[in-house]
Structures are given as C-alpha cells and as structure tokens.
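Undergrad: This is the structure, below, for whatever I ask next.
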Amino acid sequence: MHSTAKVIWVTGGRAPERPRGCLESVMAVELVVSLSEPGDRSQPWIEALLWSVANEDTRLLESQRFTGGADLRVWLKAIAAEHGRGNIRVRWTDKLKANFALSHLIAACLDLSVSALL
C-alpha cells in the first residue's frame, strides 16, 4: 500500500495549527488512539492515527504523538471542526475503553455518548 500521508510527531508544547479545510473536503475518517506503556527511560505518550475510510482506498491521513491530554484535546477539536463530528468513527479498543480519562476526553471532544462505551 502506497501512502503519501504527512506524518508529524508532537513531543510536547502546543498542538500544531491545522489548515482550515473547506466543506467539500469532508470525508469519513476513523480515529485510532493508543497509549504507550511507560518504560524505564521514557514517559508514556498518546498516539493518534487518522485514517480515511470513505472508499476502498483506506489510507493514513495523519499521525500525531502527544505527551498529554491537553494537546490531544486541541488536536481532536480541530479534527472535529475539519471533518465534522458525525464523520469521525472511533475504534474503541478494550485498552482504550479501560482508560477512563482518555476515553472520556475523546468522547467529550467528539460529542459522543460515554454510555455507548460501557
């Protein structure tokens, strides 16, 4: 699979500014969020992958790495504004559902019902 997706790694500080999109570019996307395990020499981080799922050509649109929920929140709100909350599907893994704070943060940013996770 060939991908020309732009990959940006955020290691802290403010989340990057996102370009303003037009409504014509709205597509169905899937959000995949994972939390790393802290290591002996590393802090845990949150990785967010945004995939296009509108057609058979599934591709990675964006990859971000965050050191905390505040930057993730800013990025999620920008993604929601760009793609429309109704066009974002979250892949709720068991590990993500088990992380109360992270799952509730994602649900709040995307106006999703937390009860659907239980």
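Convention: chains lettered A, B, ... in structure tokens order; per-chain residue numbering from 1; ligands numbered from 1 as shown.
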Neighbouring residues of A:Asn55 were defined as those with any atom within 10 Å, considering only C-alpha atoms; residues of the same chain fewer than 4 positions away were excluded. Please report them as a list in words.
TA: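 Counting only the stated atoms, we get Met27, Ala28 and Arg59 of chain A.
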Undergrad: For stretch 88-104 of chain A, list every protein, DNA or RNA residue within 12 Å, evaluated using only C-alpha atoms, and leave out those in the same chain fewer than 6 positions away; present the list as a PyMOL selection string.
TA: chain A and resi 26-37+45-54+68-70+72-73+76-77+79-82+110-118
